[in-house]
Structures are given as structure tokens and as C-alpha cells.
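Trainee: Structure incoming, see below.
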Amino acid sequence: MKDVTLQKMPDEAVLRRLTAAAKELVSRRDLQAGYPFDQETNLSGFYEWLLETGLCNTTLISVGSPYKEAWDMLHVDEFEREVVDFIAGTFGFHDNHWGVVTNGGTDGNLHGLYFGRKTLEAQSDRPPILYVSAEAHYSVQKLGDILRIETRIIGVEPSGRMDVEDLRRQLDPERPALVAIAVGGTFKGAIDDQRAIDRVLKEVNPPACYRHLDVALFGGYLPWLDDPAARELVDQRVMGFDSLAVSGHKFFALNEPAGVFVCRKEILQYLNKLTIPYLGGIMMPTISCSRSGFDVLKLFWRIMTTKPEGFRAEAKHMLEMTGKLSAALRERGVEAHVNPWSNTVYFPRPKDEVVHRWCMACSGEFSHVVVMQYFNDGLVRKLADDIAR
């Protein structure tokens, strides 16, 4: 048995390096304006609990479906089921779903495209085509390549939303359609029009269709807005999509990558019925063989401590700050743009020193700021002043 007393701390020189790096990172945490992470993670209570219980010194992984039974390994399946059921409920699935806590948004998109391909292959003898807009997250195109699915990139409107007329032109009526829908484009924060996409699919009438939603950031807050039109965009009963992937490290404010994938329960019938004898003969619908049990506990902790009223307040505050930033920029003579229900403000690229100071994302002549829960009036004024210099 190893001597744990020797494992507690690194030597003084290494500790000094780590401490200096930590202080530098913390000092810059509010200057990450170009990326969708809430810097108010408020997880100190969670880590204190891990220390008090001794769970911090335990290896904890999740394996396979959280809905499996009779599992001997250490697991947090009951909490994972509650997380998935809570998330699924906010998206209108209600008792007709399966899901899993993923290693991040890309992992969730991988599940969506893989499940979609298997579903479409079971419904047609022709290989499917993946359709995705040019403004969707780059992971979708990369995953199409990994899965060896023919991928067609659909043009976008000036707002960044998928151009449905270009979808109509490119849609093959002879082959199944796997449509990746961006509910929040990565740069301009545009939301693809699902009703218009559905109309085109019905008119062209490919032999089978599967719709996967990438709601990485927007899926965290859209279900909590007062506007029913916003909530409808991610309501499965209204929009009829097949699966979605939401991130845990964006609106849900985890301090490392995580996410949740949810799909219609009947889609499981189309997957490979792989069973693992040495794992008790369980089926393995997940792509990742091992996943973080601690991500499950963090998400459960976040849901139980924030609660619906907290999420509603955070969503409202975030969009109020978005409105204040766009207004402040316009008052200072900066041409600022915001898509409906978006927390992304984009504008002509400012000076390089401003871009680097605030860690802004840039594309061509534009930069953007993603307004998150930690934004306040003072931060908005300071940011607007800098951008307008």
C-alpha cells in the first residue's frame, strides 16, 4: 500500500510555480469575454463536500447507460438519471427519452450524429447525407468526417442563420437526410429556423430524416426565458427533433467540459446491440466507454442548488446584460448586432490590444462578446469603453 503522506503536496519549487499560475489565471478570469463560460462557478461548497466525505480520494467513473440495473461497480447512476430527466424535461421530452452525461458538447454531437446515422441506415438502404450550416459549430463537420458521412455545407443568411433555400437546392430527395440544426451559431449567435427546415424536408421528401440540435450554450437558458416563442425553439413536443446536445460548462457553469445528450427513447432500437460479458452483459449504447462520475455529481449539485427559479433569474440577467452591452456600444458609436434571444454581441473588430486584453473571438472584420452570468453594469461599461476606443 502506498504511503499517502508522500502524495499530499509537490515540492516547494513546483508548488510556487503552480500557485503563481493559479493567481495569474484567477486575475484574468473576468477577461474571457469572447467565450461562453460563466466565471462564477461557485463550486467551493462542492469541493468542500468532496474533501469532507473523502470522495475526493476515490476514482469514480460512469459506464454505459445510467438506466441500467444490477451494477456492482462504484457508480452514481441514480444522480445521472435525475440530471438527464431534469434536462429532458426542460426540453419537453417527458418520459419518452434516453440520455447520458457526456464529456462535453462535441461528445454530445458525436452521439447525435452517430445515433442519427444508425437510425437512418435502418430506415433506408441508401447512405445518409449530413446537412449543416456554415455557421454551426465546427465539431459537426469534423464529426461528419470521423463518421465518414457525406457532408454538405449549407450557406447562411447575413445574420448567420441557415439559408433554407440553399438547403432546398442541396437536399437530395433520394437519400436520407441527417440535419444538424444550430440553436445558437458559434459566432453570431443565430438560431436556425426549424419550422422552415421542416417545410423544406416535407417538400423535397427524402426517404427518411433525423434532426439533431446543437444547443450547447443556448439550450441552457432558452427553456427558462419568459418568452414562450423562445421556449418553443427547444421544445421537442413542438419542434419534433430527435436528439440534442447541451453543454454543462457554459450556462450551467461547470468549471470543466461536460454536457448532456438526450434523444427519443425509441432511437435506441436502431443501435448496435453490443453487450459486454465482463461488464455483466450490459448493453453499451454510449460511445465513450468511461465517463466522469464527478461531472454527474457537479451537474446534480448545480441543479439542486440553483433550482428552476435560479436558472430563470440567471437567464433573465444574462439577456438584460446583453441588451445593456449592445446599447452601450451603440451609444459610443459602435455598430453592434444581436440576434433574437442571443447573448452574443458582434461588432466591427476593435484594436488588437483590446481583442487580446478581453480574449475576444474574431472572424474576418468582426469580433464578438458572449455575455454570461458574471457580467454586471461595471463590467459592461468598462468593456464598451475599451471597444469604442
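Going through the C-alpha cells in order, the chains are called A, B, and so on, while each chain numbers its residues from 1 and the ligands are numbered from 1 in the order shown.
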Please give the complete set of residues from range 39-115 of chain A that DSSP, run on the backbone, assigns to strand (DSSP E), formatted as a list in words.

Mentor: Ile61, Ser62, Val63, His97, Trp98, Gly99, Val100, Val101 and Thr102 of chain A

Trainee: So which residues touch range 358-362 of chain A within 9 Å, counting only C-alpha atoms, skipping near sequence neighbours fewer than 5 positions away, as a list in words?

Mentor: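 My reading of the contact set: Arg28, Asp30, Leu31, Gln32, Ala33, Gly34, Tyr35, Phe187, Arg349, Glu353, Ser367, His368, Val369, Val370 and Leu383 of chain A.
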
Trainee: Next, write the just-selected residues to a file, as a CSV table (one decimal), in the first residue's frame, keeping all heavy atoms as the atom set.

Mentor:
```csv
chain,number,residue,atom,x,y,z
A,28,ARG,N,-7.3,36.9,-14.3
A,28,ARG,CA,-7.7,37.2,-15.7
A,28,ARG,C,-9.1,36.5,-16.0
A,28,ARG,O,-9.6,36.6,-17.1
A,28,ARG,CB,-6.7,36.6,-16.7
A,28,ARG,CG,-5.4,37.3,-16.7
A,28,ARG,CD,-4.4,36.7,-17.6
A,28,ARG,NE,-4.9,36.5,-18.9
A,28,ARG,CZ,-4.6,35.6,-19.8
A,28,ARG,NH1,-3.7,34.6,-19.4
A,28,ARG,NH2,-5.1,35.5,-21.0
A,30,ASP,N,-12.2,37.3,-15.5
A,30,ASP,CA,-13.3,38.1,-16.0
A,30,ASP,C,-12.9,38.8,-17.3
A,30,ASP,O,-13.7,39.6,-17.8
A,30,ASP,CB,-13.6,39.2,-15.0
A,30,ASP,CG,-14.3,38.6,-13.7
A,30,ASP,OD1,-14.7,37.4,-13.8
A,30,ASP,OD2,-14.4,39.3,-12.7
A,31,LEU,N,-11.8,38.4,-17.9
A,31,LEU,CA,-11.4,39.0,-19.2
A,31,LEU,C,-11.5,38.0,-20.3
A,31,LEU,O,-10.8,38.1,-21.3
A,31,LEU,CB,-9.9,39.5,-19.1
A,31,LEU,CG,-9.7,40.5,-18.0
A,31,LEU,CD1,-8.2,40.8,-17.9
A,31,LEU,CD2,-10.5,41.8,-18.3
A,32,GLN,N,-12.4,37.0,-20.2
A,32,GLN,CA,-12.6,36.0,-21.2
A,32,GLN,C,-13.9,36.2,-22.0
A,32,GLN,O,-14.7,35.3,-22.2
A,32,GLN,CB,-12.6,34.6,-20.6
A,32,GLN,CG,-11.5,34.3,-19.6
A,32,GLN,CD,-10.1,34.4,-20.2
A,32,GLN,OE1,-9.8,33.7,-21.2
A,32,GLN,NE2,-9.3,35.3,-19.8
A,33,ALA,N,-14.0,37.5,-22.4
A,33,ALA,CA,-15.3,37.9,-22.9
A,33,ALA,C,-15.8,37.3,-24.3
A,33,ALA,O,-16.9,37.3,-24.6
A,33,ALA,CB,-15.3,39.4,-23.1
A,34,GLY,N,-14.8,36.7,-25.0
A,34,GLY,CA,-15.2,36.1,-26.3
A,34,GLY,C,-15.7,34.7,-26.2
A,34,GLY,O,-16.1,34.2,-27.3
A,35,TYR,N,-15.8,34.1,-25.1
A,35,TYR,CA,-16.2,32.7,-25.0
A,35,TYR,C,-17.2,32.4,-23.9
A,35,TYR,O,-17.3,33.1,-22.9
A,35,TYR,CB,-14.9,31.9,-24.7
A,35,TYR,CG,-13.9,32.1,-25.9
A,35,TYR,CD1,-13.0,33.1,-25.9
A,35,TYR,CD2,-14.1,31.3,-27.0
A,35,TYR,CE1,-12.1,33.3,-26.9
A,35,TYR,CE2,-13.2,31.5,-28.1
A,35,TYR,CZ,-12.3,32.5,-28.1
A,35,TYR,OH,-11.4,32.7,-29.1
A,187,PHE,N,-20.6,32.1,-33.9
A,187,PHE,CA,-20.0,33.4,-33.9
A,187,PHE,C,-21.1,34.5,-33.8
A,187,PHE,O,-20.9,35.4,-33.0
A,187,PHE,CB,-19.2,33.7,-35.2
A,187,PHE,CG,-18.4,34.9,-35.1
A,187,PHE,CD1,-17.2,35.0,-34.3
A,187,PHE,CD2,-18.8,36.1,-35.7
A,187,PHE,CE1,-16.5,36.1,-34.2
A,187,PHE,CE2,-18.1,37.3,-35.6
A,187,PHE,CZ,-17.0,37.3,-34.8
A,349,ARG,N,-14.3,44.7,-35.7
A,349,ARG,CA,-13.2,44.3,-34.8
A,349,ARG,C,-12.5,45.5,-34.3
A,349,ARG,O,-12.1,46.4,-35.0
A,349,ARG,CB,-12.2,43.5,-35.7
A,349,ARG,CG,-11.0,43.0,-34.9
A,349,ARG,CD,-10.1,42.1,-35.7
A,349,ARG,NE,-8.9,41.7,-35.0
A,349,ARG,CZ,-8.3,40.6,-35.1
A,349,ARG,NH1,-8.8,39.6,-36.0
A,349,ARG,NH2,-7.2,40.3,-34.5
A,353,GLU,N,-5.0,45.3,-29.3
A,353,GLU,CA,-4.8,45.3,-27.9
A,353,GLU,C,-6.0,45.0,-27.1
A,353,GLU,O,-6.0,44.4,-26.1
A,353,GLU,CB,-4.1,46.6,-27.4
A,353,GLU,CG,-5.0,47.8,-27.6
A,353,GLU,CD,-4.2,49.1,-27.3
A,353,GLU,OE1,-3.5,49.6,-28.2
A,353,GLU,OE2,-4.4,49.6,-26.2
A,367,SER,N,-15.7,41.0,-34.4
A,367,SER,CA,-15.4,40.4,-33.1
A,367,SER,C,-16.7,40.2,-32.4
A,367,SER,O,-17.7,40.8,-32.7
A,367,SER,CB,-14.4,41.2,-32.3
A,367,SER,OG,-13.2,41.4,-32.9
A,368,HIS,N,-16.7,39.3,-31.4
A,368,HIS,CA,-17.9,39.2,-30.6
A,368,HIS,C,-17.6,39.0,-29.1
A,368,HIS,O,-16.4,38.7,-28.7
A,368,HIS,CB,-18.8,38.0,-31.1
A,368,HIS,CG,-18.4,36.6,-30.7
A,368,HIS,ND1,-18.8,35.5,-31.3
A,368,HIS,CD2,-17.6,36.2,-29.7
A,368,HIS,CE1,-18.3,34.4,-30.7
A,368,HIS,NE2,-17.6,34.8,-29.7
A,369,VAL,N,-18.6,39.3,-28.4
A,369,VAL,CA,-18.6,39.1,-26.9
A,369,VAL,C,-19.8,38.2,-26.6
A,369,VAL,O,-20.9,38.5,-27.0
A,369,VAL,CB,-18.6,40.5,-26.1
A,369,VAL,CG1,-19.0,40.2,-24.7
A,369,VAL,CG2,-17.3,41.2,-26.3
A,370,VAL,N,-19.5,37.2,-25.8
A,370,VAL,CA,-20.6,36.3,-25.3
A,370,VAL,C,-20.9,36.7,-23.8
A,370,VAL,O,-20.1,36.5,-22.9
A,370,VAL,CB,-20.2,34.9,-25.4
A,370,VAL,CG1,-21.4,34.0,-25.0
A,370,VAL,CG2,-19.8,34.5,-26.8
A,383,LEU,N,-16.1,47.3,-20.7
A,383,LEU,CA,-15.9,46.6,-21.9
A,383,LEU,C,-16.3,47.5,-23.1
A,383,LEU,O,-15.6,47.6,-24.1
A,383,LEU,CB,-16.7,45.4,-21.9
A,383,LEU,CG,-16.6,44.4,-23.1
A,383,LEU,CD1,-15.2,44.0,-23.4
A,383,LEU,CD2,-17.5,43.1,-22.8
```

Trainee: Please determine, counting only C-alpha atoms, which residue among A:Glu12, A:Glu40, A:Glu157, A:Asp295 has the shortest atom-to-atom distance to Glu314 in chain A.

Mentor: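 The shortest atom-to-atom distance to Glu314 in chain A comes from A:Glu40.
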
Trainee: Identify which of the residues A:Pro257, A:Met304, A:Ala208, A:Lys351 lies closest to Ser124 in chain A, counting only C-alpha atoms when measuring atom-to-atom distances.

Mentor: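 Looking at the shortest contact to Ser124 in chain A, the residue is A:Ala208.
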
Trainee: Taking 3 positions as the minimum chain separation for residues in the same chain, which residues sit within 7 Å of range 242-250 of chain A when counting only C-alpha atoms? Answer as a ChimeraX atom specification.

Mentor: /A:36-38,104-105,108-109,112,210-217,219-220,253-264

Trainee: Kindly export the residues of the current selection with N, CA, C and O atoms, as a short mmCIF file (atom, residue, chain, number, x, y, z; two decimals), in the first residue's frame.

Mentor:
```cif
data_model
loop_
_atom_site.label_atom_id
_atom_site.label_comp_id
_atom_site.auth_asym_id
_atom_site.auth_seq_id
_atom_site.Cartn_x
_atom_site.Cartn_y
_atom_site.Cartn_z
N PRO A 36 -18.09 31.44 -24.16
CA PRO A 36 -19.33 31.30 -23.37
C PRO A 36 -19.18 30.52 -22.07
O PRO A 36 -19.78 29.47 -21.88
N PHE A 37 -18.36 31.03 -21.17
CA PHE A 37 -18.17 30.36 -19.89
C PHE A 37 -18.55 31.32 -18.77
O PHE A 37 -18.07 32.46 -18.73
N ASP A 38 -19.37 30.84 -17.85
CA ASP A 38 -19.70 31.66 -16.68
C ASP A 38 -18.57 31.53 -15.67
O ASP A 38 -18.31 30.43 -15.18
N GLY A 104 -18.67 16.46 -22.93
CA GLY A 104 -18.70 17.82 -23.46
C GLY A 104 -19.62 17.93 -24.65
O GLY A 104 -20.25 16.94 -25.08
N GLY A 105 -19.72 19.12 -25.22
CA GLY A 105 -20.63 19.36 -26.32
C GLY A 105 -20.29 18.56 -27.57
O GLY A 105 -21.17 18.06 -28.27
N GLY A 108 -21.48 15.12 -27.14
CA GLY A 108 -22.93 15.08 -27.36
C GLY A 108 -23.29 15.12 -28.83
O GLY A 108 -24.19 14.39 -29.28
N ASN A 109 -22.60 15.96 -29.60
CA ASN A 109 -22.85 15.99 -31.05
C ASN A 109 -22.45 14.68 -31.71
O ASN A 109 -23.11 14.23 -32.66
N GLY A 112 -25.23 12.40 -31.24
CA GLY A 112 -26.36 12.76 -32.10
C GLY A 112 -26.16 12.31 -33.54
O GLY A 112 -27.08 11.76 -34.16
N TYR A 210 -33.61 12.73 -39.91
CA TYR A 210 -33.24 12.76 -38.49
C TYR A 210 -32.74 14.16 -38.20
O TYR A 210 -31.90 14.69 -38.93
N ARG A 211 -33.25 14.77 -37.13
CA ARG A 211 -32.87 16.14 -36.77
C ARG A 211 -32.15 16.15 -35.43
O ARG A 211 -32.72 15.73 -34.43
N HIS A 212 -30.91 16.61 -35.44
CA HIS A 212 -30.14 16.74 -34.21
C HIS A 212 -29.90 18.22 -33.93
O HIS A 212 -29.47 18.97 -34.81
N LEU A 213 -30.17 18.65 -32.70
CA LEU A 213 -29.98 20.04 -32.30
C LEU A 213 -28.70 20.19 -31.50
O LEU A 213 -28.49 19.47 -30.51
N ASP A 214 -27.85 21.11 -31.93
CA ASP A 214 -26.70 21.52 -31.13
C ASP A 214 -27.14 22.77 -30.36
O ASP A 214 -27.23 23.86 -30.92
N VAL A 215 -27.44 22.57 -29.07
CA VAL A 215 -27.94 23.68 -28.25
C VAL A 215 -26.93 23.99 -27.13
O VAL A 215 -27.31 24.39 -26.02
N ALA A 216 -25.65 23.80 -27.43
CA ALA A 216 -24.58 23.82 -26.44
C ALA A 216 -24.75 24.90 -25.38
O ALA A 216 -24.81 24.63 -24.18
N LEU A 217 -24.83 26.15 -25.80
CA LEU A 217 -24.99 27.28 -24.89
C LEU A 217 -26.46 27.66 -24.73
O LEU A 217 -26.98 27.76 -23.61
N GLY A 219 -29.22 26.17 -25.22
CA GLY A 219 -30.11 25.21 -24.58
C GLY A 219 -30.10 25.31 -23.06
O GLY A 219 -31.04 24.86 -22.41
N GLY A 220 -29.04 25.93 -22.51
CA GLY A 220 -29.01 26.12 -21.07
C GLY A 220 -30.01 27.15 -20.59
O GLY A 220 -30.63 26.99 -19.54
N ALA A 253 -22.42 26.39 -15.93
CA ALA A 253 -21.31 26.92 -15.14
C ALA A 253 -20.44 25.88 -14.45
O ALA A 253 -19.91 26.13 -13.37
N LEU A 254 -20.27 24.70 -15.05
CA LEU A 254 -19.26 23.80 -14.54
C LEU A 254 -17.89 24.33 -14.92
O LEU A 254 -17.74 25.07 -15.89
N ASN A 255 -16.89 23.93 -14.14
CA ASN A 255 -15.56 24.50 -14.36
C ASN A 255 -14.67 23.63 -15.24
O ASN A 255 -13.45 23.83 -15.29
N GLU A 256 -15.26 22.68 -15.94
CA GLU A 256 -14.53 21.86 -16.91
C GLU A 256 -15.54 21.29 -17.89
O GLU A 256 -16.74 21.27 -17.61
N PRO A 257 -15.07 20.82 -19.07
CA PRO A 257 -16.02 20.36 -20.08
C PRO A 257 -16.91 19.22 -19.59
O PRO A 257 -16.46 18.28 -18.95
N ALA A 258 -18.19 19.33 -19.91
CA ALA A 258 -19.19 18.30 -19.61
C ALA A 258 -20.42 18.65 -20.44
O ALA A 258 -20.51 19.73 -21.03
N GLY A 259 -21.39 17.75 -20.48
CA GLY A 259 -22.61 18.03 -21.22
C GLY A 259 -23.64 16.95 -20.99
O GLY A 259 -23.43 16.02 -20.22
N VAL A 260 -24.77 17.11 -21.66
CA VAL A 260 -25.84 16.11 -21.59
C VAL A 260 -26.35 15.87 -23.01
O VAL A 260 -26.60 16.82 -23.75
N PHE A 261 -26.48 14.61 -23.36
CA PHE A 261 -27.11 14.21 -24.62
C PHE A 261 -28.46 13.58 -24.30
O PHE A 261 -28.57 12.77 -23.39
N VAL A 262 -29.50 13.99 -25.06
CA VAL A 262 -30.84 13.45 -24.87
C VAL A 262 -31.40 13.10 -26.25
O VAL A 262 -31.23 13.86 -27.21
N CYS A 263 -32.09 11.96 -26.34
CA CYS A 263 -32.73 11.58 -27.59
C CYS A 263 -34.08 10.93 -27.30
O CYS A 263 -34.39 10.58 -26.16
N ARG A 264 -34.88 10.75 -28.35
CA ARG A 264 -36.11 9.99 -28.22
C ARG A 264 -35.76 8.55 -27.86
O ARG A 264 -34.87 7.96 -28.44
#
```

Trainee: For Ser44 in chain A, work out the shell of residues within 12 Å, counting only C-alpha atoms and skipping chain neighbours fewer than 2 positions away, then give it as a PyMOL selection string.

Mentor: chain A and resi 40-42+46-51+254-255+298+301-302

Trainee: Using only C-alpha atoms, please write the residues we just selected to a file, as a PDB file, in the first residue's frame.

Mentor:
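After the write, result04.pdb holds the following:
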```
ATOM      1  CA  GLU A  40     -18.927  32.482 -11.298  1.00  0.00           C
ATOM      2  CA  THR A  41     -18.822  28.705 -10.912  1.00  0.00           C
ATOM      3  CA  ASN A  42     -19.477  28.844  -7.145  1.00  0.00           C
ATOM      4  CA  PHE A  46     -18.969  21.059  -3.775  1.00  0.00           C
ATOM      5  CA  TYR A  47     -15.214  20.699  -3.312  1.00  0.00           C
ATOM      6  CA  GLU A  48     -15.514  21.113   0.456  1.00  0.00           C
ATOM      7  CA  TRP A  49     -18.081  18.302   0.421  1.00  0.00           C
ATOM      8  CA  LEU A  50     -15.744  16.102  -1.649  1.00  0.00           C
ATOM      9  CA  LEU A  51     -12.988  16.679   0.917  1.00  0.00           C
ATOM     10  CA  LEU A 254     -19.262  23.796 -14.544  1.00  0.00           C
ATOM     11  CA  ASN A 255     -15.556  24.501 -14.355  1.00  0.00           C
ATOM     12  CA  LYS A 298     -21.351  18.560 -10.265  1.00  0.00           C
ATOM     13  CA  TRP A 301     -25.178  19.782  -7.345  1.00  0.00           C
ATOM     14  CA  ARG A 302     -25.749  22.700  -9.716  1.00  0.00           C
TER      15      ARG A 302
END
```

Trainee: Can you pull out the residues contacting Glu121 in chain A? Cut-off 9 Å, using only C-alpha atoms, and skip same-chain residues under 5 positions away; I want them as a list in words.

Mentor: Gly116, Arg126, Pro127, Pro128, Pro176 and Tyr270 of chain A

Trainee: Just list as a compact mmCIF listing (two decimals) with C-alpha atoms, in the first residue's frame whatever in range 138-258 of chain A DSSP marks as alpha helix (DSSP H).

Mentor:
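As written to disk, out.txt reads:
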```txt
# COMPACT_ATOMS: atom_id res chain seq x y z
CA TYR A 138 -17.01 23.20 -36.37
CA SER A 139 -17.29 19.94 -34.43
CA VAL A 140 -20.22 18.88 -36.62
CA GLN A 141 -18.15 18.98 -39.83
CA LYS A 142 -15.25 17.26 -38.09
CA LEU A 143 -17.54 14.53 -36.74
CA GLY A 144 -19.06 14.01 -40.17
CA ASP A 145 -15.55 13.29 -41.40
CA ILE A 146 -14.81 10.93 -38.49
CA VAL A 164 -33.17 27.24 -46.12
CA GLU A 165 -33.29 27.96 -49.85
CA ASP A 166 -29.72 26.70 -50.13
CA LEU A 167 -30.80 23.66 -48.11
CA ARG A 168 -33.58 23.12 -50.65
CA ARG A 169 -31.06 23.29 -53.51
CA GLN A 170 -28.66 20.84 -51.91
CA GLN A 194 -36.61 24.67 -37.56
CA ARG A 195 -40.09 25.26 -39.00
CA ALA A 196 -38.65 26.42 -42.33
CA ILE A 197 -36.25 23.45 -42.35
CA ASP A 198 -39.16 21.08 -41.73
CA ARG A 199 -41.14 22.63 -44.60
CA VAL A 200 -38.23 22.03 -46.98
CA LEU A 201 -37.81 18.45 -45.76
CA LYS A 202 -41.51 17.74 -46.36
CA GLU A 203 -41.46 19.33 -49.81
CA VAL A 204 -38.32 17.55 -51.04
CA PHE A 218 -28.49 28.42 -25.81
CA GLY A 219 -30.11 25.21 -24.58
CA GLY A 220 -29.01 26.12 -21.07
CA TYR A 221 -31.05 29.32 -20.89
CA PRO A 228 -42.94 31.36 -24.94
CA ALA A 229 -41.61 31.76 -28.50
CA ALA A 230 -38.08 31.28 -27.14
CA ARG A 231 -39.05 28.21 -25.12
CA GLU A 232 -40.74 26.65 -28.16
CA GLN A 236 -39.38 18.57 -28.51
CA ARG A 237 -43.17 18.29 -28.48
CA VAL A 238 -43.44 21.42 -30.64
CA MET A 239 -40.42 21.07 -32.93
```

Trainee: Please list as a list in words every residue within 7 Å of Ser290 in chain A, counting only C-alpha atoms and excluding residues in the same chain fewer than 3 positions away.

Mentor: Ile61, Ser62 and Val63 of chain A

Trainee: Can you pull out every residue within 7 Å of Val371 in chain A, counting only C-alpha atoms, but drop anything in the same chain fewer than 2 positions away, and send it as a list in words?

Mentor: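 With the cut-off at 7 Å, the set is Met318, Met321, Thr322, Asn343, Thr344, Val369 and Phe375 of chain A.
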
Trainee: Could you write out that same residue set with N, CA, C and O atoms as a PDB file, in the first residue's frame?

Mentor:
```pdb
ATOM      1  N   MET A 318     -28.742  37.557 -17.753  1.00  0.00           N
ATOM      2  CA  MET A 318     -27.796  37.449 -18.853  1.00  0.00           C
ATOM      3  C   MET A 318     -28.270  38.222 -20.077  1.00  0.00           C
ATOM      4  O   MET A 318     -27.501  38.965 -20.709  1.00  0.00           O
ATOM      5  N   MET A 321     -28.088  42.004 -19.475  1.00  0.00           N
ATOM      6  CA  MET A 321     -26.721  42.484 -19.659  1.00  0.00           C
ATOM      7  C   MET A 321     -26.353  42.537 -21.144  1.00  0.00           C
ATOM      8  O   MET A 321     -25.629  43.431 -21.588  1.00  0.00           O
ATOM      9  N   THR A 322     -26.871  41.590 -21.927  1.00  0.00           N
ATOM     10  CA  THR A 322     -26.640  41.611 -23.377  1.00  0.00           C
ATOM     11  C   THR A 322     -27.233  42.876 -23.985  1.00  0.00           C
ATOM     12  O   THR A 322     -26.583  43.555 -24.800  1.00  0.00           O
ATOM     13  N   ASN A 343     -27.268  35.831 -26.599  1.00  0.00           N
ATOM     14  CA  ASN A 343     -26.417  36.564 -25.655  1.00  0.00           C
ATOM     15  C   ASN A 343     -25.062  36.891 -26.294  1.00  0.00           C
ATOM     16  O   ASN A 343     -24.111  37.211 -25.584  1.00  0.00           O
ATOM     17  N   THR A 344     -24.995  36.802 -27.619  1.00  0.00           N
ATOM     18  CA  THR A 344     -23.767  37.107 -28.356  1.00  0.00           C
ATOM     19  C   THR A 344     -23.914  38.457 -29.049  1.00  0.00           C
ATOM     20  O   THR A 344     -24.842  38.653 -29.838  1.00  0.00           O
ATOM     21  N   VAL A 369     -18.582  39.325 -28.351  1.00  0.00           N
ATOM     22  CA  VAL A 369     -18.559  39.118 -26.905  1.00  0.00           C
ATOM     23  C   VAL A 369     -19.751  38.239 -26.561  1.00  0.00           C
ATOM     24  O   VAL A 369     -20.863  38.483 -27.038  1.00  0.00           O
ATOM     25  N   PHE A 375     -21.414  38.874 -15.901  1.00  0.00           N
ATOM     26  CA  PHE A 375     -21.401  40.264 -16.359  1.00  0.00           C
ATOM     27  C   PHE A 375     -22.256  41.124 -15.424  1.00  0.00           C
ATOM     28  O   PHE A 375     -23.305  40.692 -14.951  1.00  0.00           O
TER      29      PHE A 375
END
```

Trainee: Looking at A:Phe294, A:Arg330, A:Leu225, A:Ala388, which one is nearest to Glu309 in chain A, with distances taken over only C-alpha atoms?

Mentor: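 Nearest to Glu309 in chain A: A:Leu225.
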